[in-house]
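Data first, discussion second: the structure below is written as structure tokens.
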Amino acid sequence: MPVPFIRHATLGDEETLGRLDRVTWSPLHSVQPRPQPPYEPFYNERFGPRDHLVAELDGEVVGYIRLAHPTPLVCNAHVRQIQGLVVAEQARGVGVGRALLRAVREEARNQGARRLTLRVLGHNTPARKLYEAEGFVVEGILPGEFLLEGEYVDDVLMGCSL
């Protein structure tokens with residue numbers, strides 16, 4: 001089994017990451033409507049290459065994770081939040097998501113963070129199991145927070161200390 005290579009994103013990754021984001025879109029993990037052309041740029045004023053780690057298998061980008069400040073508040077500067085984790089369908093089940101989570105944990109530590117948090121939809125069982133296996137615990141649940149395809153879905157808040 002090949003080992004994923006994790007690196008910081010570059011400006012040159014934008015088209016690939018945007019395409020990956022679109023082809024992996026699912027109501028299992030997204031509260032946004034399915035992307036439609038003309039597509040928004042992947043990078044924007046809020047998130048750029050510096051906020052992403054990418055995973056490669058055999059030189060092909062197969063996933064990314066986005067790390068951000070959850071708020072602009074100084075009193076919250078010790079916290080980082082995962083605000084996106086995507087793995088291409090063909091690369092699932094081989095450790096790409098796990099490698100990205102471990103790398104982003106190290107990246108957050110290097111940035112001086114003491115806590116790492118995330119939000120995951122309650123019905124996204126595969127992601128929740130992965131996060132739990134990597135040391136995240138449920139810290140809160142917002143019941144029925146989102147109405148997705150006619151069903152009310154919980155927003156699950158998870159976190160871990162670094």
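How things are named: the first chain in the structure tokens is A, the next is B, and so on; residues count from 1 in each chain; ligands count from 1 in the order shown.
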
Contacts of stretch 95-129 of chain A with stretch 137-140 of chain A up to 10 Å, shortest pair per row, only C-alpha atoms, as JSON lines:
```
{"residue": "A:Thr117", "atom": "CA", "partner": "A:Glu139", "partner_atom": "CA", "distance": 9.3}
{"residue": "A:Leu118", "atom": "CA", "partner": "A:Val138", "partner_atom": "CA", "distance": 9.7}
{"residue": "A:Arg119", "atom": "CA", "partner": "A:Val138", "partner_atom": "CA", "distance": 9.5}
{"residue": "A:Val120", "atom": "CA", "partner": "A:Val138", "partner_atom": "CA", "distance": 9.9}
{"residue": "A:Arg128", "atom": "CA", "partner": "A:Val138", "partner_atom": "CA", "distance": 9.2}
```

Restricting it to N, CA, C and O atoms, dump the selection as a compact mmCIF listing (two decimals), in the first residue's frame.
```txt
# COMPACT_ATOMS: atom_id res chain seq x y z
N THR A 117 -10.06 21.90 16.78
CA THR A 117 -11.49 21.60 16.78
C THR A 117 -11.97 21.36 15.36
O THR A 117 -11.27 21.63 14.37
N LEU A 118 -13.19 20.85 15.24
CA LEU A 118 -13.83 20.64 13.95
C LEU A 118 -15.32 20.50 14.16
O LEU A 118 -15.79 20.32 15.29
N ARG A 119 -16.04 20.59 13.07
CA ARG A 119 -17.48 20.35 13.06
C ARG A 119 -17.73 19.28 12.01
O ARG A 119 -17.14 19.32 10.93
N VAL A 120 -18.60 18.33 12.33
CA VAL A 120 -18.91 17.25 11.40
C VAL A 120 -20.41 16.99 11.48
O VAL A 120 -21.02 17.10 12.54
N ARG A 128 -16.75 10.64 11.45
CA ARG A 128 -16.78 10.66 12.92
C ARG A 128 -15.91 9.56 13.51
O ARG A 128 -15.19 9.78 14.47
```

* Test item: residues at most 9 Å from A:Leu67, only C-alpha atoms, excluding those fewer than 2 positions along its chain, as a PyMOL selection string -> chain A and resi 50-53+65+69+80-84+104+107-108

Can those selected residues be exported to a file as a tab-separated table (two decimals), in the first residue's frame so that it contains N, CA and C atoms?
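Now in selection_23.tsv:
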```tsv
chain	number	residue	atom	x	y	z
A	50	ARG	N	-1.68	28.75	1.98
A	50	ARG	CA	-1.09	28.63	3.32
A	50	ARG	C	-2.01	27.91	4.31
A	51	ASP	N	-3.32	27.83	3.99
A	51	ASP	CA	-4.30	27.24	4.89
A	51	ASP	C	-4.60	25.77	4.57
A	52	HIS	N	-3.87	25.21	3.63
A	52	HIS	CA	-4.17	23.85	3.18
A	52	HIS	C	-2.93	22.97	3.16
A	53	LEU	N	-3.13	21.72	3.57
A	53	LEU	CA	-2.15	20.66	3.34
A	53	LEU	C	-2.78	19.74	2.31
A	65	ILE	N	-6.68	19.08	3.44
A	65	ILE	CA	-7.28	19.47	4.71
A	65	ILE	C	-7.03	20.96	4.88
A	69	HIS	N	-8.19	29.65	11.70
A	69	HIS	CA	-8.55	30.21	13.01
A	69	HIS	C	-10.08	30.17	13.07
A	80	ARG	N	-7.06	26.17	16.67
A	80	ARG	CA	-7.18	26.04	15.22
A	80	ARG	C	-8.36	25.12	14.95
A	81	GLN	N	-8.96	25.32	13.78
A	81	GLN	CA	-10.11	24.51	13.42
A	81	GLN	C	-9.92	23.91	12.04
A	82	ILE	N	-10.24	22.65	11.92
A	82	ILE	CA	-10.27	21.99	10.62
A	82	ILE	C	-11.56	22.43	9.95
A	83	GLN	N	-11.44	23.07	8.80
A	83	GLN	CA	-12.62	23.58	8.11
A	83	GLN	C	-12.79	22.95	6.74
A	84	GLY	N	-12.31	21.74	6.60
A	84	GLY	CA	-12.49	20.98	5.38
A	84	GLY	C	-11.50	19.84	5.33
A	104	VAL	N	-1.96	17.78	10.01
A	104	VAL	CA	-2.55	19.06	10.39
A	104	VAL	C	-2.43	19.27	11.89
A	107	GLU	N	0.97	20.64	12.21
A	107	GLU	CA	0.96	22.01	11.69
A	107	GLU	C	0.35	22.97	12.71
A	108	ALA	N	-0.75	22.58	13.32
A	108	ALA	CA	-1.39	23.43	14.33
A	108	ALA	C	-0.45	23.65	15.52
```

* Identify all residues of chain A in alpha helix (DSSP H) (DSSP on the backbone) and supply them as an MDAnalysis selection string. => chainID A and resid 14:23 96:110 125:133

Just the selected residues (N, CA and C atoms), exported as a compact mmCIF listing (two decimals), in the first residue's frame, please.
```
# COMPACT_ATOMS: atom_id res chain seq x y z
N GLU A 14 -4.49 25.09 -7.16
CA GLU A 14 -5.85 25.61 -7.07
C GLU A 14 -6.85 24.87 -7.97
N GLU A 15 -6.52 24.69 -9.23
CA GLU A 15 -7.46 24.03 -10.15
C GLU A 15 -7.73 22.59 -9.72
N THR A 16 -6.68 21.87 -9.35
CA THR A 16 -6.83 20.48 -8.92
C THR A 16 -7.68 20.39 -7.66
N LEU A 17 -7.44 21.27 -6.68
CA LEU A 17 -8.21 21.23 -5.44
C LEU A 17 -9.66 21.61 -5.68
N GLY A 18 -9.90 22.57 -6.54
CA GLY A 18 -11.27 22.94 -6.88
C GLY A 18 -12.01 21.79 -7.53
N ARG A 19 -11.35 21.10 -8.45
CA ARG A 19 -11.97 19.95 -9.12
C ARG A 19 -12.25 18.84 -8.11
N LEU A 20 -11.28 18.58 -7.23
CA LEU A 20 -11.45 17.55 -6.21
C LEU A 20 -12.63 17.89 -5.30
N ASP A 21 -12.73 19.15 -4.92
CA ASP A 21 -13.84 19.61 -4.08
C ASP A 21 -15.18 19.34 -4.77
N ARG A 22 -15.25 19.62 -6.06
CA ARG A 22 -16.51 19.44 -6.79
C ARG A 22 -16.89 17.97 -6.97
N VAL A 23 -15.93 17.12 -7.32
CA VAL A 23 -16.27 15.72 -7.58
C VAL A 23 -16.55 14.93 -6.31
N VAL A 96 -5.21 8.03 3.77
CA VAL A 96 -5.00 9.41 3.35
C VAL A 96 -5.59 10.37 4.37
N GLY A 97 -6.83 10.15 4.76
CA GLY A 97 -7.48 11.01 5.75
C GLY A 97 -6.73 11.02 7.07
N ARG A 98 -6.31 9.86 7.50
CA ARG A 98 -5.55 9.73 8.75
C ARG A 98 -4.22 10.49 8.66
N ALA A 99 -3.53 10.37 7.53
CA ALA A 99 -2.26 11.06 7.34
C ALA A 99 -2.46 12.58 7.34
N LEU A 100 -3.54 13.04 6.71
CA LEU A 100 -3.83 14.47 6.70
C LEU A 100 -4.14 14.98 8.11
N LEU A 101 -4.91 14.22 8.87
CA LEU A 101 -5.24 14.62 10.25
C LEU A 101 -3.98 14.69 11.11
N ARG A 102 -3.10 13.73 10.96
CA ARG A 102 -1.87 13.74 11.77
C ARG A 102 -0.97 14.90 11.37
N ALA A 103 -0.90 15.18 10.08
CA ALA A 103 -0.06 16.29 9.61
C ALA A 103 -0.64 17.63 10.04
N VAL A 104 -1.96 17.78 10.01
CA VAL A 104 -2.55 19.06 10.39
C VAL A 104 -2.43 19.27 11.89
N ARG A 105 -2.44 18.20 12.65
CA ARG A 105 -2.23 18.32 14.10
C ARG A 105 -0.83 18.89 14.35
N GLU A 106 0.15 18.39 13.64
CA GLU A 106 1.53 18.88 13.79
C GLU A 106 1.64 20.32 13.31
N GLU A 107 0.97 20.64 12.21
CA GLU A 107 0.96 22.01 11.69
C GLU A 107 0.35 22.97 12.71
N ALA A 108 -0.75 22.58 13.32
CA ALA A 108 -1.39 23.43 14.33
C ALA A 108 -0.45 23.65 15.52
N ARG A 109 0.22 22.58 15.95
CA ARG A 109 1.20 22.72 17.05
C ARG A 109 2.30 23.70 16.65
N ASN A 110 2.80 23.57 15.44
CA ASN A 110 3.86 24.46 14.95
C ASN A 110 3.41 25.91 14.91
N THR A 125 -20.95 9.13 9.53
CA THR A 125 -20.36 8.12 10.40
C THR A 125 -18.90 7.80 10.06
N PRO A 126 -18.53 7.64 8.79
CA PRO A 126 -17.11 7.34 8.50
C PRO A 126 -16.16 8.42 9.03
N ALA A 127 -16.52 9.69 8.82
CA ALA A 127 -15.66 10.78 9.30
C ALA A 127 -15.61 10.81 10.82
N ARG A 128 -16.75 10.64 11.45
CA ARG A 128 -16.78 10.66 12.92
C ARG A 128 -15.91 9.56 13.51
N LYS A 129 -15.97 8.37 12.92
CA LYS A 129 -15.14 7.25 13.40
C LYS A 129 -13.65 7.56 13.23
N LEU A 130 -13.29 8.16 12.10
CA LEU A 130 -11.89 8.53 11.87
C LEU A 130 -11.44 9.56 12.89
N TYR A 131 -12.24 10.60 13.10
CA TYR A 131 -11.87 11.63 14.06
C TYR A 131 -11.71 11.04 15.47
N GLU A 132 -12.62 10.19 15.87
CA GLU A 132 -12.53 9.56 17.19
C GLU A 132 -11.28 8.70 17.29
N ALA A 133 -10.97 7.96 16.23
CA ALA A 133 -9.77 7.12 16.23
C ALA A 133 -8.50 7.95 16.34
```

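Ranking A:Val62, A:Ala113, A:Cys160, A:Leu11 by their shortest atom-to-atom distance to A:Glu89, with only C-alpha atoms included, puts A:Val62 first.
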
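For A:Ser161, the residues within 8 Å (counting only C-alpha atoms, excluding itself and residues fewer than 6 positions away along the chain) are Arg114, Arg115 and Leu116 of chain A.
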
* Give the strand (DSSP E or B) residues of chain A, as DSSP finds them on the backbone, and put them as a VMD selection string. => chain A and resid 5 to 8 52 to 57 60 to 68 79 to 87 115 to 121 137 to 148 151 to 161

* Can you list, as an MDAnalysis selection string, every protein, DNA or RNA residue that comes within 9 Å of stretch 141-143 of chain A when you count only C-alpha atoms, leaving out same-chain residues fewer than 5 positions away? -> chainID A and resid 122 152:158

Could the residues in this selection be saved with C-alpha atoms as a CSV table (one decimal), in the first residue's frame?
```csv
chain,number,residue,atom,x,y,z
A,122,GLY,CA,-24.0,13.8,12.6
A,152,TYR,CA,-32.7,17.5,9.9
A,153,VAL,CA,-29.1,16.7,10.6
A,154,ASP,CA,-27.1,17.4,13.8
A,155,ASP,CA,-23.9,19.5,13.8
A,156,VAL,CA,-21.4,17.7,16.0
A,157,LEU,CA,-18.6,19.7,17.6
A,158,MET,CA,-15.4,17.8,18.2
```

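The spacing separating atom CA of A:Gly63 from atom CA of A:Glu149 amounts to 25.6 Å.
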
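Of the residues under consideration (A:Gly93, A:Ala9, A:Pro4, A:Phe136), A:Ala9 shows the shortest atom-to-atom contact distance to A:Phe47 when counting only C-alpha atoms.
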
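Of the listed residues (A:Leu85, A:Pro27, A:Asn76, A:Asn124), A:Pro27 comes nearest to A:Gly150; the distances count only C-alpha atoms.
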
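Comparing the minimum interatomic distances between A:Tyr64 and each of A:Pro37, A:Gly144, A:Gly135, A:Pro49, counting only C-alpha atoms, we find that A:Pro49 sits nearest.
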